[in-house]
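Here is the file work_12.cif (mmCIF, C-alpha atoms and all ligand atoms).
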data_target
loop_
_atom_site.label_atom_id
_atom_site.label_comp_id
_atom_site.auth_asym_id
_atom_site.auth_seq_id
_atom_site.Cartn_x
_atom_site.Cartn_y
_atom_site.Cartn_z
CA MET A 1 -5.12 8.89 -21.51
CA THR A 2 -2.18 11.24 -21.46
CA PHE A 3 -1.37 12.98 -18.23
CA LEU A 4 0.66 16.14 -18.78
CA PRO A 5 2.44 17.97 -15.95
CA VAL A 6 1.53 21.58 -15.23
CA VAL A 7 4.70 23.67 -15.57
CA GLY A 8 3.21 27.17 -15.40
CA LEU A 9 0.21 28.95 -13.92
CA ASP A 10 -0.42 32.67 -14.07
CA ARG A 11 -3.35 34.99 -13.73
CA LEU A 12 -4.47 36.73 -16.92
CA THR A 13 -7.43 38.70 -15.51
CA ASP A 14 -9.54 38.61 -12.34
CA ASP A 15 -11.39 35.56 -13.65
CA ALA A 16 -8.93 33.85 -16.00
CA VAL A 17 -5.69 31.94 -15.59
CA ARG A 18 -3.16 30.58 -18.05
CA VAL A 19 -2.16 26.96 -17.55
CA VAL A 20 0.99 25.70 -19.25
CA PHE A 21 1.55 21.96 -19.69
CA GLU A 22 4.77 20.26 -20.65
CA VAL A 23 4.58 17.60 -23.34
CA PRO A 24 7.06 14.78 -22.61
CA SER A 25 9.40 14.05 -25.52
CA GLY A 26 7.77 10.67 -26.23
CA GLU A 27 4.35 12.32 -26.71
CA ARG A 28 5.36 15.27 -28.90
CA ASP A 29 4.32 13.79 -32.24
CA GLY A 30 0.78 13.22 -30.99
CA PHE A 31 0.56 16.74 -29.57
CA ARG A 32 1.64 18.70 -32.66
CA PHE A 33 -0.87 21.40 -33.51
CA VAL A 34 -1.58 24.25 -35.84
CA PRO A 35 -2.58 27.68 -34.50
CA GLY A 36 -6.30 27.86 -33.77
CA GLN A 37 -6.67 24.25 -32.56
CA HIS A 38 -7.82 23.27 -29.07
CA VAL A 39 -7.17 20.53 -26.55
CA THR A 40 -9.73 18.78 -24.39
CA VAL A 41 -9.08 18.46 -20.69
CA ARG A 42 -10.65 15.44 -18.99
CA VAL A 43 -11.42 15.92 -15.31
CA GLU A 44 -13.68 14.52 -12.66
CA LEU A 45 -16.22 17.08 -11.48
CA GLY A 46 -18.56 16.04 -8.68
CA GLY A 47 -17.64 12.38 -9.24
CA VAL A 48 -18.51 12.48 -12.95
CA GLU A 49 -16.12 12.60 -15.90
CA ALA A 50 -16.30 15.99 -17.60
CA ARG A 51 -14.53 17.25 -20.70
CA ARG A 52 -13.73 20.87 -21.41
CA ALA A 53 -12.19 22.19 -24.64
CA TYR A 54 -9.63 25.00 -24.48
CA SER A 55 -7.96 26.69 -27.42
CA LEU A 56 -4.19 26.74 -27.44
CA CYS A 57 -3.16 30.35 -26.89
CA ALA A 58 0.51 30.25 -27.85
CA ALA A 59 2.03 29.39 -31.20
CA PRO A 60 3.61 25.95 -31.61
CA GLY A 61 7.34 25.89 -30.91
CA GLY A 62 9.69 25.44 -33.85
CA ASP A 63 11.15 22.15 -32.58
CA GLY A 64 7.93 20.20 -32.15
CA VAL A 65 5.81 21.00 -29.12
CA ALA A 66 7.45 21.23 -25.73
CA THR A 67 4.63 23.13 -24.00
CA LEU A 68 0.93 23.76 -24.50
CA SER A 69 -0.74 26.88 -23.08
CA ILE A 70 -4.44 27.28 -22.46
CA ALA A 71 -6.46 30.11 -20.91
CA VAL A 72 -9.14 28.99 -18.47
CA LYS A 73 -11.98 31.23 -17.32
CA GLU A 74 -13.70 30.76 -13.98
CA LEU A 75 -17.33 30.33 -14.87
CA GLY A 76 -18.66 29.62 -11.41
CA PRO A 77 -18.24 26.99 -8.72
CA GLY A 78 -17.69 23.35 -9.57
CA GLY A 79 -16.03 23.80 -12.94
CA PHE A 80 -12.51 23.25 -14.24
CA GLY A 81 -12.00 27.04 -14.03
CA GLU A 82 -12.34 26.84 -10.28
CA ILE A 83 -9.82 23.97 -10.14
CA ALA A 84 -7.34 25.80 -12.38
CA ALA A 85 -7.62 29.04 -10.41
CA GLY A 86 -7.53 27.62 -6.91
CA LYS A 87 -6.46 24.01 -6.63
CA LEU A 88 -4.07 23.27 -9.46
CA GLY A 89 -0.34 23.58 -8.75
CA VAL A 90 2.88 23.29 -10.73
CA GLY A 91 3.79 19.62 -11.01
CA ASP A 92 0.18 18.39 -10.95
CA LEU A 93 -0.82 16.00 -13.71
CA VAL A 94 -3.87 16.67 -15.90
CA ASP A 95 -5.42 14.33 -18.45
CA VAL A 96 -5.21 16.19 -21.78
CA LEU A 97 -6.42 14.84 -25.14
CA PRO A 98 -4.36 15.64 -28.26
CA PRO A 99 -5.00 18.89 -30.18
CA ALA A 100 -7.92 18.92 -32.59
CA GLY A 101 -10.17 21.34 -34.45
CA ARG A 102 -10.56 22.82 -37.90
CA PHE A 103 -10.66 26.50 -36.90
CA VAL A 104 -7.10 27.15 -38.02
CA LEU A 105 -4.90 29.79 -39.63
CA GLN A 106 -5.17 29.80 -43.43
CA GLU A 107 -2.53 30.52 -46.04
CA GLY A 108 -2.74 34.09 -47.33
CA PRO A 109 -1.23 37.53 -46.93
CA GLU A 110 -3.89 39.02 -44.65
CA HIS A 111 -6.05 37.95 -41.71
CA VAL A 112 -8.73 39.61 -39.58
CA GLY A 113 -9.78 38.30 -36.17
CA ILE A 114 -13.20 39.39 -34.90
CA VAL A 115 -13.42 38.14 -31.34
CA ALA A 116 -14.98 38.79 -27.96
CA GLY A 117 -13.65 37.92 -24.51
CA SER A 118 -11.78 34.62 -24.36
CA GLY A 119 -12.52 34.18 -28.08
CA VAL A 120 -9.16 35.89 -28.49
CA THR A 121 -7.36 32.72 -27.34
CA PRO A 122 -7.09 30.76 -30.63
CA VAL A 123 -6.73 33.95 -32.66
CA LEU A 124 -3.75 35.09 -30.59
CA ALA A 125 -1.87 31.93 -31.56
CA MET A 126 -2.84 32.52 -35.20
CA ALA A 127 -1.66 36.16 -35.07
CA GLU A 128 1.72 35.12 -33.67
CA VAL A 129 2.34 32.70 -36.52
CA ALA A 130 0.87 34.89 -39.27
CA LEU A 131 2.95 37.92 -38.24
CA ALA A 132 6.12 35.85 -37.90
CA ARG A 133 5.75 34.65 -41.48
CA GLY A 134 5.22 38.20 -42.82
CA ASP A 135 1.39 38.44 -43.13
CA ARG A 136 -0.82 41.35 -42.06
CA PHE A 137 -3.16 40.85 -39.10
CA THR A 138 -6.04 42.96 -37.78
CA LEU A 139 -7.65 42.10 -34.46
CA ILE A 140 -11.06 43.52 -33.61
CA TYR A 141 -11.37 42.57 -29.96
CA GLY A 142 -14.45 43.18 -27.82
CA ASN A 143 -14.52 43.13 -24.02
CA ARG A 144 -16.66 44.55 -21.26
CA THR A 145 -13.95 46.62 -19.54
CA ALA A 146 -10.20 47.20 -19.86
CA ALA A 147 -9.66 45.02 -16.78
CA SER A 148 -11.31 42.04 -18.49
CA VAL A 149 -9.03 42.15 -21.56
CA MET A 150 -6.97 38.95 -21.76
CA PHE A 151 -3.44 38.91 -23.21
CA LEU A 152 -2.86 42.68 -23.15
CA GLU A 153 0.86 42.18 -22.60
CA GLU A 154 1.19 39.60 -25.37
CA LEU A 155 -0.65 41.88 -27.79
CA ALA A 156 1.52 44.87 -26.82
CA ASP A 157 4.57 42.71 -27.39
CA LEU A 158 3.36 41.69 -30.85
CA LYS A 159 2.60 45.35 -31.61
CA ASP A 160 6.17 46.29 -30.69
CA ARG A 161 7.58 43.64 -32.97
CA TYR A 162 5.23 44.04 -35.91
CA ALA A 163 3.95 47.64 -35.66
CA GLU A 164 3.44 47.97 -39.40
CA ARG A 165 1.55 44.75 -39.98
CA LEU A 166 -0.58 44.43 -36.83
CA MET A 167 -3.64 46.55 -36.05
CA VAL A 168 -5.54 45.96 -32.78
CA LEU A 169 -8.90 47.64 -32.22
CA HIS A 170 -10.07 47.23 -28.62
CA VAL A 171 -13.81 47.72 -28.31
CA LEU A 172 -15.21 48.05 -24.77
CA SER A 173 -18.92 47.69 -24.04
CA ARG A 174 -19.05 48.93 -20.45
CA GLU A 175 -16.33 51.55 -20.35
CA PRO A 176 -16.13 54.65 -22.54
CA ARG A 177 -13.14 54.87 -24.83
CA GLU A 178 -11.82 58.07 -26.40
CA ALA A 179 -13.33 57.16 -29.80
CA ALA A 180 -17.09 56.48 -30.03
CA LEU A 181 -16.35 53.74 -32.58
CA LEU A 182 -14.49 51.77 -29.90
CA THR A 183 -17.21 52.09 -27.26
CA GLY A 184 -20.05 49.57 -27.37
CA ARG A 185 -20.55 46.08 -28.74
CA ILE A 186 -19.25 44.52 -31.94
CA ASP A 187 -22.64 44.71 -33.60
CA ALA A 188 -24.16 45.20 -37.04
CA GLU A 189 -23.72 48.98 -36.87
CA ARG A 190 -20.23 49.18 -35.44
CA LEU A 191 -18.59 46.28 -37.27
CA PRO A 192 -18.78 47.78 -40.80
CA GLU A 193 -17.11 50.91 -39.46
CA LEU A 194 -14.42 48.91 -37.66
CA LEU A 195 -13.76 46.98 -40.86
CA ALA A 196 -13.62 50.23 -42.80
CA ALA A 197 -10.95 51.46 -40.36
CA ALA A 198 -8.91 48.29 -40.95
CA SER A 199 -9.67 48.24 -44.72
CA PRO A 200 -8.75 44.59 -45.35
CA GLY A 201 -8.00 43.59 -48.92
CA PRO A 202 -9.96 41.05 -51.00
CA GLU A 203 -7.63 38.17 -50.08
CA ALA A 204 -8.17 38.50 -46.32
CA HIS A 205 -9.33 35.54 -44.23
CA TYR A 206 -11.65 36.26 -41.30
CA TYR A 207 -11.68 34.38 -37.99
CA LEU A 208 -14.76 34.82 -35.79
CA CYS A 209 -14.71 33.56 -32.21
CA GLY A 210 -17.08 34.48 -29.42
CA PRO A 211 -20.73 34.20 -28.46
CA MET A 212 -23.17 33.03 -31.09
CA ALA A 213 -24.88 36.42 -31.52
CA MET A 214 -21.58 38.14 -32.33
CA VAL A 215 -20.48 35.37 -34.69
CA ASP A 216 -23.83 35.41 -36.53
CA THR A 217 -23.72 39.21 -36.86
CA ALA A 218 -20.16 39.13 -38.17
CA LYS A 219 -21.06 36.45 -40.73
CA GLU A 220 -23.93 38.60 -42.02
CA VAL A 221 -21.82 41.76 -42.18
CA LEU A 222 -19.04 39.95 -44.04
CA ALA A 223 -21.49 38.35 -46.47
CA GLY A 224 -22.91 41.84 -47.08
CA ARG A 225 -19.41 43.03 -47.95
CA GLY A 226 -19.06 40.27 -50.51
CA VAL A 227 -16.56 38.15 -48.54
CA THR A 228 -16.82 34.58 -49.84
CA ARG A 229 -17.75 31.86 -47.35
CA GLY A 230 -14.44 30.06 -47.83
CA HIS A 231 -12.72 33.09 -46.29
CA VAL A 232 -14.90 33.19 -43.17
CA HIS A 233 -13.97 30.80 -40.35
CA PHE A 234 -15.67 30.64 -37.00
CA GLU A 235 -15.73 28.96 -33.64
CA LEU A 236 -18.41 29.38 -30.99
CA PHE A 237 -17.97 29.33 -27.22
CA HIS A 238 -21.29 27.69 -26.65
CA ALA A 239 -24.63 27.77 -28.32
CA GLU A 240 -27.74 29.47 -27.15
CA ASP A 241 -30.69 27.15 -26.65
CA ALA A 242 -32.80 26.72 -29.73
CA PRO A 243 -35.59 24.21 -30.38
CA PRO A 244 -34.50 21.13 -32.38
CA PRO A 245 -35.82 20.82 -35.94
CA ALA A 246 -39.12 18.98 -36.49
CA ALA A 247 -37.36 15.88 -37.89
CA TYR A 248 -35.69 15.33 -34.54
CA ALA A 249 -39.04 14.43 -32.93
CA GLU A 250 -39.29 11.53 -35.40
CA THR A 251 -36.27 9.86 -33.80
CA ALA A 252 -38.28 9.20 -30.62
CA LYS A 253 -40.84 7.28 -32.70
CA VAL A 254 -38.13 5.17 -34.35
CA LEU A 255 -36.54 4.29 -31.00
CA ALA A 256 -39.95 3.59 -29.44
CA GLU A 257 -40.35 0.76 -31.95
CA GLY A 258 -37.27 -1.05 -30.67
CA ASP A 259 -33.50 -0.82 -30.37
CA VAL A 260 -31.65 0.59 -33.35
CA ASP A 261 -28.72 -1.26 -34.83
CA VAL A 262 -25.71 1.12 -34.80
CA THR A 263 -22.43 0.22 -36.51
CA VAL A 264 -19.37 2.47 -36.31
CA THR A 265 -15.90 2.48 -37.74
CA LEU A 266 -13.46 4.21 -35.41
CA GLY A 267 -9.69 3.96 -35.42
CA GLY A 268 -9.92 1.29 -38.12
CA ARG A 269 -12.13 -0.97 -35.98
CA ARG A 270 -15.83 -1.72 -36.60
CA THR A 271 -18.18 -2.02 -33.64
CA GLN A 272 -21.83 -2.94 -33.64
CA LEU A 273 -24.19 -2.04 -30.80
CA ALA A 274 -27.83 -1.57 -29.96
CA MET A 275 -29.09 1.93 -29.23
CA SER A 276 -32.14 2.11 -26.97
CA LYS A 277 -34.69 4.86 -26.42
CA ASP A 278 -32.87 5.72 -23.17
CA ASP A 279 -29.73 6.76 -25.02
CA ASP A 280 -29.76 10.52 -25.51
CA SER A 281 -27.63 10.40 -28.64
CA VAL A 282 -25.66 8.07 -30.87
CA LEU A 283 -22.58 9.28 -28.98
CA ALA A 284 -24.09 8.31 -25.61
CA ALA A 285 -24.89 4.82 -26.89
CA LEU A 286 -21.51 4.48 -28.51
CA LEU A 287 -19.49 5.48 -25.46
CA LYS A 288 -20.74 2.39 -23.64
CA ALA A 289 -19.11 0.13 -26.23
CA ARG A 290 -16.30 2.41 -27.43
CA PRO A 291 -15.08 4.73 -24.65
CA ASP A 292 -12.39 5.93 -27.08
CA THR A 293 -15.01 7.77 -29.17
CA PRO A 294 -13.87 11.38 -29.59
CA TYR A 295 -16.03 14.11 -28.08
CA SER A 296 -15.72 17.26 -26.06
CA CYS A 297 -18.56 19.78 -25.73
CA THR A 298 -21.55 17.44 -26.27
CA GLY A 299 -23.41 20.59 -27.34
CA GLY A 300 -23.00 20.54 -31.12
CA VAL A 301 -20.40 23.30 -31.05
CA CYS A 302 -16.86 21.89 -31.17
CA GLY A 303 -17.15 19.35 -34.02
CA THR A 304 -14.96 16.78 -32.21
CA CYS A 305 -17.60 14.02 -32.60
CA ARG A 306 -17.94 14.48 -36.38
CA ALA A 307 -18.60 11.27 -38.33
CA LYS A 308 -19.88 10.35 -41.77
CA ILE A 309 -23.17 8.52 -42.25
CA VAL A 310 -22.49 5.46 -44.37
CA GLN A 311 -25.89 3.84 -44.07
CA GLY A 312 -29.30 4.91 -42.74
CA GLU A 313 -30.33 8.35 -41.56
CA VAL A 314 -30.13 10.43 -38.41
CA ALA A 315 -31.55 13.76 -37.26
CA MET A 316 -29.52 16.25 -35.25
CA ALA A 317 -30.93 18.30 -32.38
CA HIS A 318 -28.45 21.11 -33.04
CA ASP A 319 -25.53 21.71 -35.30
CA TYR A 320 -23.30 24.72 -34.86
CA ALA A 321 -20.10 23.12 -36.11
CA LEU A 322 -20.55 21.67 -39.60
CA GLU A 323 -20.09 23.56 -42.85
CA PRO A 324 -22.89 23.18 -45.43
CA GLU A 325 -20.51 21.20 -47.70
CA GLU A 326 -19.77 18.75 -44.89
CA LYS A 327 -23.48 18.20 -44.31
CA ALA A 328 -23.99 17.68 -48.02
CA GLU A 329 -21.28 14.99 -47.90
CA GLY A 330 -23.14 13.21 -45.10
CA PHE A 331 -21.20 14.33 -42.02
CA VAL A 332 -23.08 14.58 -38.74
CA LEU A 333 -22.30 15.29 -35.09
CA ALA A 334 -22.70 12.09 -33.09
CA CYS A 335 -23.45 14.00 -29.87
CA GLN A 336 -26.51 15.58 -31.51
CA SER A 337 -27.70 12.62 -33.59
CA ARG A 338 -30.49 10.14 -33.05
CA PRO A 339 -31.58 7.58 -35.64
CA LEU A 340 -34.37 8.01 -38.17
CA THR A 341 -33.95 4.47 -39.53
CA PRO A 342 -33.81 1.05 -37.78
CA ALA A 343 -30.12 0.71 -38.66
CA VAL A 344 -27.40 3.34 -39.04
CA GLU A 345 -23.74 3.13 -39.81
CA LEU A 346 -21.23 5.89 -39.07
CA ASP A 347 -17.60 6.26 -40.01
CA PHE A 348 -15.46 8.36 -37.66
CA ASP A 349 -12.36 7.77 -39.80
CA ALA A 350 -13.85 9.32 -42.97
S1 LIG B 401 -18.81 16.79 -28.89
FE1 LIG B 401 -18.72 18.88 -29.53
S2 LIG B 401 -19.99 18.85 -31.31
FE2 LIG B 401 -20.23 16.86 -30.51
#

Give the structure from this file in structure tokens form.
Ligand code: FES
Amino acid sequence: MTFLPVVGLDRLTDDAVRVVFEVPSGERDGFRFVPGQHVTVRVELGGVEARRAYSLCAAPGGDGVATLSIAVKELGPGGFGEIAAGKLGVGDLVDVLPPAGRFVLQEGPEHVGIVAGSGVTPVLAMAEVALARGDRFTLIYGNRTAASVMFLEELADLKDRYAERLMVLHVLSREPREAALLTGRIDAERLPELLAAASPGPEAHYYLCGPMAMVDTAKEVLAGRGVTRGHVHFELFHAEDAPPPAAYAETAKVLAEGDVDVTVTLGGRRTQLAMSKDDDSVLAALLKARPDTPYSCTGGVCGTCRAKIVQGEVAMAHDYALEPEEKAEGFVLACQSRPLTPAVELDFDA
């Protein structure tokens, strides 16, 4: 557990606040990050431990990391957003896990962010770093109204500094803009035109962050333009409910026959445990024996609980985080996995 003091709090929009934490000098090595990564905040909500992942919205400082900034949206009563907006004060301590995530800025001369709402958060940090090192950056940024646009000032500031290399296209779905192209959603009709306006070169990397429907549409549009998969990077806010694959139902049969023998390697240490039919996932079973197991969203989205299957087989209810190559190599998401064999072994260090 690392408790970081809050050193800044400011309102970004009607329903979002920025929270700035200071990283004490002794902790800075563990809190280094690359633009695009997120931290997980661990809080108690209604007497139960809850974890929420937030992308870091400011570029890392040059001298290690002295502060970490996150943007927190209020998503209704009882969440961390409500705490951040109303109860948190400067000087308060919050349990923050070290930065993680593979949605990060790539090497290359050109980058295009296609984001909606708070999906701008990781991409803003990427733009700051990319522009500072001399790259070109285009941001296609969808919001409902002008009032809901986060980081307007920061973007205007970047535009002032890097007018020739930064293009920002604000697209508003519930407010008319002067150009028809910029009014509406980032969808399969509008996105090709927006990309045509930006005319990115063949070396561009694309960063998609927002709701699943927008990310899926953008992936299809980019594939249609011949952009290779290695140049398309994405992160979802959350996943829409979808039925699990048929194989997942088989896991109930396996567990009905008796406890499953689960072995994990984590942080260089092997642990063996029994998973019962009452455990919702390998992660749930594992947390009882190894509370240090990494996780955040528990929804198959963030990839924090990624581990490699070394022995046996599992089925996942959902998977919105793994690349096809990772799956081919045997990586799974522990929060979504249940066993298909009477014994499974996972390696979190792989
Ligand atoms: S904890 Fe987020 S994918 Fe498993």

Env. residues ligand LIG 401 (chain B) / 8 Å / only C-alpha atoms and all ligand atoms / as a JSON list (two decimals) with C-alpha atoms, in the frame of the given file:
[["chain", "number", "residue", "atom", "x", "y", "z"],
["A", 294, "PRO", "CA", -13.87, 11.38, -29.59],
["A", 295, "TYR", "CA", -16.03, 14.11, -28.08],
["A", 296, "SER", "CA", -15.72, 17.26, -26.06],
["A", 297, "CYS", "CA", -18.56, 19.78, -25.73],
["A", 298, "THR", "CA", -21.55, 17.44, -26.27],
["A", 299, "GLY", "CA", -23.41, 20.59, -27.34],
["A", 300, "GLY", "CA", -23.00, 20.54, -31.12],
["A", 301, "VAL", "CA", -20.40, 23.30, -31.05],
["A", 302, "CYS", "CA", -16.86, 21.89, -31.17],
["A", 303, "GLY", "CA", -17.15, 19.35, -34.02],
["A", 304, "THR", "CA", -14.96, 16.78, -32.21],
["A", 305, "CYS", "CA", -17.60, 14.02, -32.60],
["A", 306, "ARG", "CA", -17.94, 14.48, -36.38],
["A", 319, "ASP", "CA", -25.53, 21.71, -35.30],
["A", 320, "TYR", "CA", -23.30, 24.72, -34.86],
["A", 321, "ALA", "CA", -20.10, 23.12, -36.11],
["A", 333, "LEU", "CA", -22.30, 15.29, -35.09],
["A", 334, "ALA", "CA", -22.70, 12.09, -33.09],
["A", 335, "CYS", "CA", -23.45, 14.00, -29.87],
["A", 336, "GLN", "CA", -26.51, 15.58, -31.51]]

Checklist line | Using only C-alpha atoms: which of A:Pro176, A:Gly46, A:Gly142, A:Gly258 has the shortest distance to Phe80 (chain A) | finding: A:Gly46

Next item on the list: Pick out the residues sitting within 7 Å of Asp135 (chain A), and hand them over as a count of residues only; count only C-alpha atoms, and ignore anything fewer than 5 positions along from it in its own chain.
Entry: 3

Margin query: Ranking A:Ala66, A:Ala247, A:Ala179, A:Leu56 by minimum distance to Glu27 (chain A) and counting all atoms listed in the file, which one comes first?
Written below: A:Ala66

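As for CA of Ser118 (chain A) and CA of Leu172 (chain A), they are spaced 13.9 Å apart.
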
Check: In terms of the shortest atom-to-atom distance over all atoms listed in the file, which of A:Gly113, A:Pro99, A:Gly8, A:Pro211 is closest to Ile140 (chain A)?
Finding: A:Gly113

Item checked: Polymer residues at most 12 Å from (-10.5, 23.3, -25.2) by only C-alpha atoms, as number ranges by chain -> A: 19, 36-42, 51-57, 68-73, 80-81, 96-101, 118-119, 121-122, 235-238, 295-297, 301-304

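Interatomic distance, CA of Ala350 (chain A) against CA of Ser276 (chain A): 25.3 Å.
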
Next item on the list: Mind checking which residues fall within 12 Å of Ala156 (chain A), counting only C-alpha atoms, ignoring those fewer than 3 positions away in the same chain, and posting them as a list of chain:residue names?
Entry: A:Leu124, A:Glu128, A:Met150, A:Phe151, A:Leu152, A:Glu153, A:Lys159, A:Asp160, A:Arg161, A:Tyr162, A:Ala163, A:Leu166, A:Met167, A:Val168, A:His170

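Take CA of Arg136 (chain A) and CA of Pro35 (chain A): the distance between them is 15.7 Å.
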
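If all atoms listed in the file are the atoms counted, then among A:Asn143, A:Ser25, A:Thr67, A:Thr341 the closest residue to Val7 (chain A) is A:Thr67.
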
Output as a tab-separated table one row per residue of region 77-124 of chain A within 12 Å of region 216-224 of chain A: the closest atom pair and its distance in Å to one decimal place, counting all atoms listed in the file, sorted by chain and residue number ascending.
residue	atom	partner	partner_atom	distance
A:Val112	CA	A:Leu222	CA	11.2
A:Gly113	CA	A:Ala218	CA	10.6
A:Ile114	CA	A:Ala218	CA	7.7
A:Val115	CA	A:Ala218	CA	9.6
A:Ala116	CA	A:Ala218	CA	11.5

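Considering only C-alpha atoms, the residue among A:Val254, A:Ala284, A:Val129, A:Ala204 positioned nearest to Gly108 (chain A) is A:Ala204.
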
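Nearest to Asp187 (chain A) of all the residues A:Glu164, A:Val171, A:Gly86, A:His233 is A:Val171, counting only C-alpha atoms.
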
Check: For the point (-5.0, 27.3, -10.2) in file coordinates, what residues are within 10 Å, counting all atoms listed in the file? Give the answer as a ChimeraX atom specification?
Finding: /A:8-11,16-19,72,80-90

Once you have the residues from the selection above, write them out as a CSV table (one decimal), in the coordinates of the input, restricted to C-alpha atoms.
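The resulting file, out-v9.csv, is shown below:
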chain,number,residue,atom,x,y,z
A,8,GLY,CA,3.2,27.2,-15.4
A,9,LEU,CA,0.2,29.0,-13.9
A,10,ASP,CA,-0.4,32.7,-14.1
A,11,ARG,CA,-3.4,35.0,-13.7
A,16,ALA,CA,-8.9,33.8,-16.0
A,17,VAL,CA,-5.7,31.9,-15.6
A,18,ARG,CA,-3.2,30.6,-18.0
A,19,VAL,CA,-2.2,27.0,-17.6
A,72,VAL,CA,-9.1,29.0,-18.5
A,80,PHE,CA,-12.5,23.2,-14.2
A,81,GLY,CA,-12.0,27.0,-14.0
A,82,GLU,CA,-12.3,26.8,-10.3
A,83,ILE,CA,-9.8,24.0,-10.1
A,84,ALA,CA,-7.3,25.8,-12.4
A,85,ALA,CA,-7.6,29.0,-10.4
A,86,GLY,CA,-7.5,27.6,-6.9
A,87,LYS,CA,-6.5,24.0,-6.6
A,88,LEU,CA,-4.1,23.3,-9.5
A,89,GLY,CA,-0.3,23.6,-8.8
A,90,VAL,CA,2.9,23.3,-10.7
